Each structure stands twice: as structure tokens, then as C-alpha cells.
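Notes for the one structure printed next.
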Amino acid sequence: MISIFKKEINGFFSSLIGYMSMGVFFLFLGLNLWVFPGNIFEGLYASLDPFFATAPWVLVFLIPAITMRTFADEFKSGTFELLATKPISDYKIILGKYFASLFLWLITWLPTIIYFFCVKSLSLKGATIDLGATIGSYLGLFLLGAIFVAIGIFASSLTNNQITAFLLGVFLCYVLYDAFFQLSQLPFLNSSIDYFIQSIGIGDHYESISRGVIDTRDLVYFITVIGFFIISTNTVLESRKW
């Protein structure tokens with residue numbers, strides 16, 4: 001599993017896509033926070049709200065760009081068949097690729113903490129940023145990326161074309177993040193069904209953690225969804241052997 005982890009990391013940084021994905025993430029979110037309309041200078045107080053409101057939508061595209069090659073490239077080049085003959089289980093192959101992609105997301109995500117210190121320095125004395133909500137938002141953003149990584153790897157396991165894997169990953173990430181919320185807003189649904197449908201989506205749990213309250217139900221949700229897509233990826237790989 002360690003060798004697969006290292007292979008994925010090296011493969012990511014040996015291509016221009018890896019650096020472009022990270023660059024776009026920092027550039028767009030930085031511009032949104034400091035330059036675009038609705039930036040922190042237009043508000044009454046220093047806040048990271050523009051960053052945390054926009055970041056999930058950037059991740060819908062960023063994470064599939066990171067994961068699209070994980071299995072699709074192996075299938076296209078024919079190296080997966082060689083990999084499958086080695087004395088390593090499919091789950092270890094999947095987890096090696098998952099943790100490699102998660103590590104790439106981690107090193108993309110961690111430097112954004114500098115935004116917190118920049119915004120904090122702009123705060124008036126006695127009007128500091130809500131630390132609890134900020135920590136919750138950063139944790140929620142990391143967990144959101146962890147789910148999207150699992151989804152992206154699953155999408156990559158369904159095809160041997162990286163572009164198809166990217167588009168499928170974007171679609172699945174969007175559906176699970178926002179589509180259930182939009183569906184819950186239909187006027188003919190009663191409140192109990194409305195709440196149930198909304199709670200299926202990732203966005204509801206991300207917003208819950210972002211408020212600074214770490215609820216075990218939200219953590220269980222994130223872990224369950226990640227596990228579901230890892231198991232689904234294993235099922236797809238097993239089906240290719242039939």
C-alpha cells in the first residue's frame with residue numbers, strides 16, 4: 001500500500017495538472033476573499049465567510065481533477081492488470097490511492113489557514129473572529145474534501161477515460177453536496193420529509209460542522225459516506241475480473 005501511495009504522489013506532481021489544480025484553488029479563493037464583490041473589505045467586520053461559502057464549490061471541480069487519473073489511467077495503460085496480479089488486495093490498492101489523494105488535498109488545504117491569520121490581523125481590537133466556528137469550518141472543509149476524494153476515486157474506477165472520470169466525479173460531488181438540498185425545497189414536501197431529504201446531502205452536515213458544533217452524527221455521516229464509496233469502488237474492481 002505504501003508503494004502505491006508513493007506512486008500516486010509522484011504521478012500527480014509529474015504532471016502539469018497537479019500544479020494547475022492547486023494554483024487555481026488558491027488563486028480563485030484568494031481573489032474571492034480579497035478582490036471579488038462580496039470580499040471581506042465590503043463587510044462590516046473581518047470574516048472568513050466568503051472563503052467557506054465558496055470553497056465547497058471549488059472542491060466540486062478540484063477534487064475530481066486530483067482523483068480522475070487514479071484508476072482511469074491504470075485501465076487505459078493496462079497497468080491495473082499487472083497491479084492486480086501482485087500479492088495485494090483490492091482494498092489495499094484502493095486505500096493506497098485514497099490516502100495519496102487525501103494527502104494531496106491535505107497539502108492543498110493546510111496553507112489556506114494563513115487566510116485566518118490575515119483576516120484576524122484586520123479585525124478591530126475586541127472584535128476577533130469566532131474561533132470555534134472557524135475551527136469547525138476548517139474541519140468541515142477537510143472532511144468535505146475527504147468525501148469528495150472517495151467519490152472521485154469511485155468515478156475513476158468506472159472508466160478508462162480521465163475526462164469522463166472528471167465529469168462523472170463533478171456530477172456525483174454536486175449531486176451529493178447540493179442536489180438533495182434543492183430537492184428538499186420543493187413546495188409540496190412536508191417538513192418531516194423536507195428535513196430527511198436535506199439530511200441525506202453532504203451540504204447540510206458541512207454547514208452543521210461549520211457552525212462550530214462538532215456533532216457525532218455529522219462525523220458518523222462523513223465516515224459512512226466515505227466507507228460506502230470505498231466499498232463501491234472495490235465492487236467495481238471485482239466486477240472487472242468476472
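The chains in the C-alpha cells are called A, B, ... from first to last as shown; in each chain the residues are counted from 1, and the ligands are counted from 1 in the order shown.
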Requested in this report: From chain A, collect each residue whose DSSP state is helix (DSSP H, G or I) and return the set as a ChimeraX atom specification.
Outcome: /A:2-13,16-34,40-42,49-67,72-77,79-84,90-122,131-156,162-184,191-200,202-210,216-239
Query raised in the report: Neighbours of segment 72-81 of chain A within 8 Å (only C-alpha atoms; same-chain residues fewer than 5 positions away dropped), as number ranges by chain?
Result: A: 156-162, 165
Output N, CA and C atoms for every residue in that selection, as a short mmCIF file (atom, residue, chain, number, x, y, z; two decimals), in the first residue's frame.
```
data_model
loop_
_atom_site.label_atom_id
_atom_site.label_comp_id
_atom_site.auth_asym_id
_atom_site.auth_seq_id
_atom_site.Cartn_x
_atom_site.Cartn_y
_atom_site.Cartn_z
N SER A 156 -13.49 7.37 -11.01
CA SER A 156 -12.35 6.97 -11.84
C SER A 156 -12.33 5.47 -12.09
N SER A 157 -12.91 4.70 -11.16
CA SER A 157 -12.92 3.24 -11.31
C SER A 157 -13.94 2.78 -12.34
N LEU A 158 -14.82 3.68 -12.78
CA LEU A 158 -15.89 3.30 -13.70
C LEU A 158 -15.51 3.44 -15.17
N THR A 159 -14.35 4.05 -15.45
CA THR A 159 -14.00 4.33 -16.84
C THR A 159 -12.49 4.31 -17.04
N ASN A 160 -12.08 4.21 -18.27
CA ASN A 160 -10.65 4.29 -18.59
C ASN A 160 -10.29 5.63 -19.23
N ASN A 161 -11.23 6.58 -19.17
CA ASN A 161 -11.01 7.92 -19.73
C ASN A 161 -10.99 8.95 -18.60
N GLN A 162 -9.89 9.69 -18.50
CA GLN A 162 -9.74 10.63 -17.40
C GLN A 162 -10.77 11.75 -17.45
N ALA A 165 -13.99 10.45 -16.23
CA ALA A 165 -13.90 10.28 -14.78
C ALA A 165 -14.05 11.63 -14.07
#
```
Which residues of segment 114-202 of chain A come within 7 Å of segment 52-71 of chain A, and for each one, what is the closest pair of atoms and their distance in Å to one decimal, counting only C-alpha atoms, sorted by chain and residue number, as JSON lines?
```
{"residue": "A:Ser137", "atom": "CA", "partner": "A:Phe52", "partner_atom": "CA", "distance": 6.9}
{"residue": "A:Gly145", "atom": "CA", "partner": "A:Leu59", "partner_atom": "CA", "distance": 6.8}
{"residue": "A:Phe148", "atom": "CA", "partner": "A:Ile63", "partner_atom": "CA", "distance": 6.2}
{"residue": "A:Val149", "atom": "CA", "partner": "A:Ile63", "partner_atom": "CA", "distance": 6.0}
{"residue": "A:Gly152", "atom": "CA", "partner": "A:Pro64", "partner_atom": "CA", "distance": 5.0}
{"residue": "A:Ile153", "atom": "CA", "partner": "A:Thr67", "partner_atom": "CA", "distance": 5.6}
{"residue": "A:Ser156", "atom": "CA", "partner": "A:Met68", "partner_atom": "CA", "distance": 5.2}
{"residue": "A:Ser157", "atom": "CA", "partner": "A:Phe71", "partner_atom": "CA", "distance": 5.2}
{"residue": "A:Gln162", "atom": "CA", "partner": "A:Met68", "partner_atom": "CA", "distance": 5.3}
{"residue": "A:Ala165", "atom": "CA", "partner": "A:Met68", "partner_atom": "CA", "distance": 5.2}
{"residue": "A:Phe166", "atom": "CA", "partner": "A:Pro64", "partner_atom": "CA", "distance": 5.1}
{"residue": "A:Gly169", "atom": "CA", "partner": "A:Pro64", "partner_atom": "CA", "distance": 5.2}
{"residue": "A:Val170", "atom": "CA", "partner": "A:Val60", "partner_atom": "CA", "distance": 5.6}
{"residue": "A:Cys173", "atom": "CA", "partner": "A:Val60", "partner_atom": "CA", "distance": 5.7}
{"residue": "A:Tyr174", "atom": "CA", "partner": "A:Val60", "partner_atom": "CA", "distance": 6.3}
```
**Report entry** Shell around Ile94 of chain A at 12 Å using only C-alpha atoms, local window under 2 positions removed, as JSON, numbers by chain
**Finding:** {"A": [1, 2, 4, 5, 8, 67, 70, 71, 80, 83, 84, 88, 89, 90, 91, 92, 96, 97, 98, 99, 100, 101, 102, 149, 150, 152, 153, 154, 156, 157, 227, 229, 230, 231, 232, 233, 234, 235, 236, 237, 238]}
Requested in this report: Enter the distance from atom CA of Leu186 of chain A to atom CA of Ile200 of chain A, in Å, rounded to one decimal.
Outcome: 15.3 Å
Query - One-decimal distance in Å that lies between atom CA of Ile17 of chain A and atom CA of Leu176 of chain A - result: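 Spanning atom CA of Leu176 of chain A to atom CA of Ile17 of chain A is a straight-line distance of 24.9 Å.
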Requested in this report: Compare A:Gly136, A:Leu110, A:Gly201, A:Phe171 by their minimum atom-to-atom distance to Val213 of chain A, counting only C-alpha atoms, and give me the closest one.
Outcome: A:Gly136
Requested in this report: Fewer than 4 positions away in the same chain doesn't count, so skip those; otherwise give me all residues within 10 Å of segment 221-224 of chain A, counting only C-alpha atoms, as a list in words.
Outcome: Gly140, Leu143, Leu144, Ala146, Ile147, Ser199, Ile200, Gly201, Ile202, His205, Tyr206, Thr216, Arg217, Phe228, Phe229 and Ile230 of chain A
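Atom CA of Asp215 of chain A is positioned 22.6 Å from atom CA of Ile113 of chain A.
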Report task. Excluding Ala133 of chain A and any residue of its chain fewer than 5 positions from it, enumerate the residues within 9 Å of it, using only C-alpha atoms, and give them as a PyMOL selection string. Result -> chain A and resi 138+209-213
Using only N, CA and C atoms, please write the residues we just selected to a file, as a short mmCIF file (atom, residue, chain, number, x, y, z; two decimals), in the first residue's frame.
```cif
data_model
loop_
_atom_site.label_atom_id
_atom_site.label_comp_id
_atom_site.auth_asym_id
_atom_site.auth_seq_id
_atom_site.Cartn_x
_atom_site.Cartn_y
_atom_site.Cartn_z
N TYR A 138 -13.03 24.84 9.12
CA TYR A 138 -11.83 24.21 8.54
C TYR A 138 -11.93 22.68 8.62
N ILE A 209 -21.29 21.41 10.88
CA ILE A 209 -19.96 21.47 11.49
C ILE A 209 -19.39 22.88 11.42
N SER A 210 -19.69 23.60 10.34
CA SER A 210 -19.16 24.94 10.15
C SER A 210 -19.66 25.93 11.20
N ARG A 211 -20.74 25.59 11.87
CA ARG A 211 -21.24 26.46 12.93
C ARG A 211 -20.41 26.34 14.21
N GLY A 212 -19.47 25.40 14.22
CA GLY A 212 -18.58 25.25 15.36
C GLY A 212 -19.02 24.20 16.36
N VAL A 213 -20.12 23.50 16.05
CA VAL A 213 -20.61 22.45 16.93
C VAL A 213 -20.27 21.10 16.30
#
```
